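A short write-up of the structure that comes next.
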Amino acid sequence: MKKNLLPRQLLRKRIIQDTAAVVFLRAPSGAGKSVLLEFLAEDFGVNICCSAQINKKYIQQNKILWDVPINLIEAEILPDLIADNMQLYIACRPDQHIRGLARHGLHHGVTVYGGEHFSFKSSELTALAPKQRQMVMQEFAQWPSFLPLAKKMDERNCIAYLDEVFLAQFHPAEIIELSIWLDNPKQQGRARWHSLLPPSLIKNLDKNHLLRHLLKQAVKEKLEGYRKDENLFEIAKALEKAGQPLEAMRLLLDENHEHNAAQILKRAQGRELIYESDLESFQDIIMRFSTQMLSDDETVLFAVARTLLKQGELQRVRHLLMRHMGADYIDPLKVLTRKSRFSFAAKTFRLTLMISEDLTPSDTMISRLGEFMADYPMRAYGRWAGYYNSIIEFEVRRRNFREAEAAAARALMYLKRSGDRPLLDFFIHLHQIVLRLMNGDVLLACQAAIEARSRLEQVSHPAVQEFRMLRLAEACLDYEAGQPGDLLAFVNNEFEAFAAAEIWPSLMQFALHYASQILADNFPVAIRPGFLDHLWIHLSEGLQFNAMMEIRTAIAYQNANRWQDAALTLAAVRMPMGRTGVESAIDELSRISRRDEISFAMAWLRDAVHQWTPRSYLPKQLDALLVNPKVTNREKVALQLWLSFAAFRRGEIAEARAGLLSTLQTTKRLGCYGVLSEERIFLSPLLKEKRIRSFIETSPEAQTALTVLTKAIDSPQARAIQGGLSQREIQMLQLLCSGMSNKRIAHTLSISEVTVKFHLSNLYRKMGCRKRSEALKSALALGWI
């Protein structure tokens, strides 16, 4: 038998020459300890003891060679067997403890030959073929027991050997740790079972691809064998301890132990676990709990509700909570009062739910939230961070941007104290991007975007939705810098998936603003037929975005020079202050505070500025909005530009150019160049006036703003105009691009088919084409569509 094995001459010689009284051959299974001991027995001319207890008959030539049985965890050598001049050679595994040798070893020396000594050196394998030598060194961790596999591979036999020889030494919990380590060796620190594996495998797992694969298969089969016996709960406990509560819950749910799975969910902070896991994995586990468990266990109920919120299913969440918590749970004032019947967990989730609801909290509600916050434990830093994250959203809705910034700073402070939670950090920074861009502070928003990307890239699990949100925010920042390409691509390719996920109202408003603007820039006449159709699903969820969407649609019509369509759209929007109220109001405009009311008033005033109705008090109305503390910096830039345009229409050139210069300087300071693009219908006539243009070009800030604007408005529409097409012909081209028939175009533009054919013939003539397909190809090549 031994003649087919490598003799290990160098290792044998070193051991024979060792003068220590106790020589341990202490290495993991498969090191060849027993074989080496047999070679040593031949060299010394003695016998080997293979029993559990040594007796005097095994003492030969003052030497004892003992191959410790594999099933012994502890063994002992009796003192009366050991003489001062005796040498002992003991082969054992690292987890086996041999007692009775301490005094002898202390006085006469101990040498331990570990796994690294038994690992093959390349010089020992010269008798093998080069391919076999490479297999041993690079695929099988240089380990002696795998030498036969290098000569003839037998995967099934190898897996059985790993199970019987290696994994038999592992406790069930250690099998779990090994499984995790095999998937990601960087996440597992030094453990007891590391000493039971070949050293080269521990040090270079990634290099031993084949052995890693075989060991993973053996571990998988071992774990499957545990599912039906008493080790099931021990395995689940080990998974939970190893930081994999979802896998522990999956194991228990597979065997119908959902109560035990619910306990693991509770210990893992319930719905908060979603921030530590990818959404699909969390959803796959959480949605397997029975309806009865939802009724019996609040932790499970709120985890399911949190999952549905992530999918944008707000209405379904409300029905679910009403069924299990009662109808009064929908009223936040009833839930958050200190004397309410609801648990602290229920109150906390109601606060989370408020973020998804398009409700603007009153002063009373903000006060009630403060009272609720007082019940938070002082060191519950994660909960405090979540509370202030909610406050950010509420203050943004209330247009209290300074208070929102303060809440963001506090949220980040508490998250830092709670430990490394990069995903939650990301959401705070994303909120900062949104509130700063909405307020017009683009330069500060860029800083938040850098932090947001840095934190999101540190998240260990897939974060598909979150990266999509970040791409939108970064595309909006690029749009502000005069680079609209990424935003247009996002709206065309990713907006539907974005809108179908969890989006809180301020993010929705933010997305709606930029999406409608980029579409208006590039497809002005097609804005209504296909305008963000996938967003309308949220209207059925009880979110009050109807008014905002209609207002943004009206503004898109205005920018397309379709003022009558814009007026009809605005007239259909229900607001406390209707068109008549806006047109007659002055002081009232300085006091309106709700998001939609301000946007509605500005849309009608925008119409008035363009139509130039003989209202002498129009500048006073614009001034009233300018001093309104709830009006954002971005909106103030637009109002200043309208004042300049109004002065220009009155022939007051000095006032117009001074106002325009101030507007451009403010734009440069804030970095919000996108508002210039949206308001270019008013800006362009001002810049065409030579006295105004020559005046503002003396300012470096104004020149910078105009340079960015020039880049931003290099849209397909602008290029088509430069190519000689009229506005109506551009409309025809865009509607052709959308696949409309002549009849549909006529219906969309409220003109006859004969008129459509007339304009199309002019379009074809200018483009040198004879039919629709040729025109589309040419327009695509020219960058007009």
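Lettering and numbering for the structure tokens are positional, with chains as A, B, ... in the shown order, residues counted from 1 in each chain, and ligands counted from 1 in the shown order.
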Enumerate the residues of region 364-579 of chain A with a DSSP assignment of alpha helix (DSSP H), computed from the backbone, and present them as an MDAnalysis selection string. chainID A and resid 364:373 381:397 401:418 422:439 442:456 464:480 485:493 495:499 505:522 546:559 563:571 579
Could you give me, as JSON lines, a per-residue list for region 252-353 of chain A showing, wherever an atom lies at most 7 Å from an atom of region 493-512 of chain A, the closest pair of atoms and their distance in Å to one decimal, using only C-alpha atoms and sorting by chain then residue number from low to high?
{"residue": "A:Leu309", "atom": "CA", "partner": "A:Glu502", "partner_atom": "CA", "distance": 5.9}
{"residue": "A:Lys310", "atom": "CA", "partner": "A:Glu502", "partner_atom": "CA", "distance": 4.5}
{"residue": "A:Gln311", "atom": "CA", "partner": "A:Ala501", "partner_atom": "CA", "distance": 4.7}
{"residue": "A:Gly312", "atom": "CA", "partner": "A:Glu502", "partner_atom": "CA", "distance": 4.4}
Could you name the residues that touch Thr580 (chain A) at 12 Å or less, counting only C-alpha atoms, but leaving out those on the same chain fewer than 4 positions away, as number ranges by chain? A: 570-571, 575-576, 584-585, 601, 604-605, 608
Contacts of region 658-665 of chain A at 10 Å (only C-alpha atoms; same-chain gap of 6+ positions) as a ChimeraX atom specification: /A:636-645,647,671-673,676,683,686-687,692-693,695-706
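In this model, the gap between CA of Ile586 (chain A) and CA of Glu635 (chain A) comes to 17.2 Å.
Going from CA of Pro332 (chain A) to CA of Leu279 (chain A) covers 27.0 Å.
Close contacts of Leu294 (chain A), defined as residues with an atom at most 10 Å away when counting only C-alpha atoms, with chain neighbours fewer than 5 positions off set aside, comprise A:Phe289, A:Thr299, A:Val300, A:Leu301, A:Phe302, A:Ala303, A:Val304, A:Ala305, A:Leu320, A:Leu321, A:His324.
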Quick one: residues within 6 Å of region 80-96 of chain A, only C-alpha atoms, excluding same-chain residues fewer than 6 positions away - as number ranges by chain? A: 21-28, 33, 62-68, 73-74
If I take CA of Ser593 (chain A) and CA of Glu403 (chain A), how far is one from the other in Å, to one decimal?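 That distance, rounded to one decimal, is 15.2 Å.
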Residues near Leu670 (chain A), cut-off 9 Å, only C-alpha atoms, skip fewer than 5 positions along chain, as a list in words: Gly440, Asp441, Val442, Leu443, Leu444, Asn633, Arg634 and Gln665 of chain A
Selected residue, from A:Ala567, A:Ala242, A:Leu733, A:Leu11, that lies nearest to Asp607 (chain A) when counting only C-alpha atoms: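 Residue with the minimum atom-to-atom distance to Asp607 (chain A): A:Ala567.
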Could you give me, as a ChimeraX atom specification, each residue of region 65-215 of chain A that DSSP assigns to strand (DSSP E or B) when run on this structure's backbone? /A:65-67,74-76,87-92,97-99,110-113
Selection above as a file: all heavy atoms, as a short mmCIF file (atom, residue, chain, number, x, y, z; two decimals), in the first residue's frame:
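Writing the result to part-v3.cif gives the following:
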data_model
loop_
_atom_site.label_atom_id
_atom_site.label_comp_id
_atom_site.auth_asym_id
_atom_site.auth_seq_id
_atom_site.Cartn_x
_atom_site.Cartn_y
_atom_site.Cartn_z
N LEU A 65 5.19 5.33 19.56
CA LEU A 65 4.52 5.89 18.39
C LEU A 65 3.03 5.62 18.55
O LEU A 65 2.60 4.45 18.56
CB LEU A 65 5.03 5.26 17.09
CG LEU A 65 6.32 5.86 16.50
CD1 LEU A 65 7.51 5.64 17.42
CD2 LEU A 65 6.59 5.28 15.11
N TRP A 66 2.25 6.70 18.66
CA TRP A 66 0.82 6.55 18.98
C TRP A 66 -0.02 7.25 17.92
O TRP A 66 0.10 8.47 17.73
CB TRP A 66 0.55 7.14 20.37
CG TRP A 66 -0.86 6.91 20.86
CD1 TRP A 66 -1.75 5.98 20.43
CD2 TRP A 66 -1.52 7.63 21.90
NE1 TRP A 66 -2.92 6.05 21.12
CE2 TRP A 66 -2.81 7.07 22.05
CE3 TRP A 66 -1.14 8.68 22.74
CZ2 TRP A 66 -3.74 7.55 22.97
CZ3 TRP A 66 -2.04 9.14 23.66
CH2 TRP A 66 -3.34 8.58 23.80
N ASP A 67 -0.83 6.49 17.24
CA ASP A 67 -1.79 7.05 16.28
C ASP A 67 -3.13 7.14 17.00
O ASP A 67 -3.85 6.15 17.14
CB ASP A 67 -1.88 6.14 15.05
CG ASP A 67 -2.62 6.80 13.89
OD1 ASP A 67 -3.10 7.94 14.08
OD2 ASP A 67 -2.71 6.19 12.81
N GLU A 74 -10.47 13.45 23.80
CA GLU A 74 -9.45 13.60 24.83
C GLU A 74 -8.84 12.23 25.12
O GLU A 74 -9.52 11.20 25.13
CB GLU A 74 -10.04 14.18 26.12
CG GLU A 74 -10.41 15.64 26.01
CD GLU A 74 -10.69 16.26 27.37
OE1 GLU A 74 -10.52 15.55 28.38
OE2 GLU A 74 -11.07 17.43 27.41
N ALA A 75 -7.53 12.20 25.35
CA ALA A 75 -6.83 10.97 25.70
C ALA A 75 -5.74 11.31 26.72
O ALA A 75 -5.34 12.48 26.84
CB ALA A 75 -6.23 10.32 24.47
N GLU A 76 -5.26 10.28 27.43
CA GLU A 76 -4.29 10.55 28.50
C GLU A 76 -3.21 9.47 28.50
O GLU A 76 -3.50 8.28 28.28
CB GLU A 76 -5.00 10.58 29.85
CG GLU A 76 -4.06 10.93 31.00
CD GLU A 76 -4.80 11.06 32.32
OE1 GLU A 76 -6.02 10.77 32.34
OE2 GLU A 76 -4.17 11.46 33.31
N GLN A 87 11.14 9.12 24.04
CA GLN A 87 10.60 10.00 22.98
C GLN A 87 9.22 9.49 22.57
O GLN A 87 9.02 8.28 22.40
CB GLN A 87 11.52 10.02 21.76
CG GLN A 87 12.70 10.97 21.90
CD GLN A 87 13.42 11.13 20.58
OE1 GLN A 87 13.87 10.16 19.97
NE2 GLN A 87 13.54 12.37 20.13
N LEU A 88 8.31 10.42 22.41
CA LEU A 88 6.94 10.08 22.01
C LEU A 88 6.61 10.78 20.69
O LEU A 88 6.85 11.99 20.53
CB LEU A 88 5.92 10.51 23.06
CG LEU A 88 6.01 9.80 24.42
CD1 LEU A 88 6.83 10.65 25.38
CD2 LEU A 88 4.62 9.56 24.98
N TYR A 89 6.05 10.01 19.75
CA TYR A 89 5.61 10.53 18.46
C TYR A 89 4.10 10.29 18.37
O TYR A 89 3.66 9.13 18.30
CB TYR A 89 6.35 9.83 17.32
CG TYR A 89 7.84 10.04 17.36
CD1 TYR A 89 8.65 9.22 18.15
CD2 TYR A 89 8.43 11.06 16.64
CE1 TYR A 89 10.02 9.39 18.21
CE2 TYR A 89 9.82 11.25 16.69
CZ TYR A 89 10.60 10.42 17.47
OH TYR A 89 11.96 10.62 17.53
N ILE A 90 3.34 11.37 18.40
CA ILE A 90 1.88 11.25 18.52
C ILE A 90 1.22 11.91 17.31
O ILE A 90 1.43 13.11 17.04
CB ILE A 90 1.39 11.91 19.81
CG1 ILE A 90 2.08 11.27 21.02
CG2 ILE A 90 -0.12 11.81 19.93
CD1 ILE A 90 1.79 11.97 22.33
N ALA A 91 0.42 11.15 16.58
CA ALA A 91 -0.35 11.66 15.44
C ALA A 91 -1.78 11.92 15.88
O ALA A 91 -2.47 10.99 16.34
CB ALA A 91 -0.32 10.66 14.29
N CYS A 92 -2.21 13.17 15.77
CA CYS A 92 -3.58 13.52 16.19
C CYS A 92 -4.07 14.73 15.40
O CYS A 92 -3.29 15.41 14.74
CB CYS A 92 -3.62 13.83 17.69
SG CYS A 92 -2.58 15.23 18.16
N HIS A 97 -7.19 16.49 22.30
CA HIS A 97 -6.36 16.97 23.41
C HIS A 97 -5.71 15.78 24.12
O HIS A 97 -6.40 14.86 24.57
CB HIS A 97 -7.22 17.76 24.41
CG HIS A 97 -6.44 18.30 25.58
ND1 HIS A 97 -5.37 19.15 25.43
CD2 HIS A 97 -6.59 18.09 26.92
CE1 HIS A 97 -4.89 19.46 26.62
NE2 HIS A 97 -5.61 18.82 27.55
N ILE A 98 -4.38 15.78 24.23
CA ILE A 98 -3.63 14.70 24.86
C ILE A 98 -3.09 15.21 26.20
O ILE A 98 -2.29 16.16 26.25
CB ILE A 98 -2.45 14.23 23.98
CG1 ILE A 98 -2.94 13.98 22.54
CG2 ILE A 98 -1.80 12.99 24.58
CD1 ILE A 98 -4.02 12.94 22.44
N ARG A 99 -3.51 14.56 27.28
CA ARG A 99 -3.08 14.96 28.61
C ARG A 99 -1.96 14.04 29.13
O ARG A 99 -1.76 12.95 28.64
CB ARG A 99 -4.27 14.94 29.56
CG ARG A 99 -5.32 16.01 29.27
CD ARG A 99 -6.48 15.91 30.23
NE ARG A 99 -7.21 14.65 30.01
CZ ARG A 99 -7.94 14.05 30.94
NH1 ARG A 99 -8.01 14.54 32.16
NH2 ARG A 99 -8.61 12.94 30.66
N VAL A 110 9.15 20.07 23.32
CA VAL A 110 7.99 19.66 22.51
C VAL A 110 8.13 20.27 21.12
O VAL A 110 8.46 21.46 21.00
CB VAL A 110 6.66 20.11 23.15
CG1 VAL A 110 5.49 19.73 22.24
CG2 VAL A 110 6.48 19.50 24.52
N THR A 111 7.88 19.49 20.12
CA THR A 111 7.84 19.99 18.74
C THR A 111 6.49 19.61 18.14
O THR A 111 6.03 18.46 18.30
CB THR A 111 8.97 19.39 17.89
OG1 THR A 111 10.22 19.73 18.46
CG2 THR A 111 8.90 19.94 16.46
N VAL A 112 5.88 20.57 17.44
CA VAL A 112 4.59 20.31 16.78
C VAL A 112 4.77 20.48 15.28
O VAL A 112 5.21 21.55 14.82
CB VAL A 112 3.50 21.26 17.30
CG1 VAL A 112 2.19 21.01 16.55
CG2 VAL A 112 3.29 21.09 18.80
N TYR A 113 4.45 19.44 14.54
CA TYR A 113 4.43 19.50 13.09
C TYR A 113 2.96 19.63 12.67
O TYR A 113 2.17 18.70 12.81
CB TYR A 113 5.07 18.26 12.48
CG TYR A 113 6.57 18.20 12.73
CD1 TYR A 113 7.06 17.59 13.88
CD2 TYR A 113 7.45 18.80 11.85
CE1 TYR A 113 8.42 17.55 14.13
CE2 TYR A 113 8.83 18.77 12.10
CZ TYR A 113 9.30 18.16 13.25
OH TYR A 113 10.64 18.14 13.50
#
With distances taken over only C-alpha atoms, which of A:Ser290, A:Arg14, A:Tyr161, A:Gly114 is nearest to Asn256 (chain A)?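 Nearest to Asn256 (chain A): A:Ser290.
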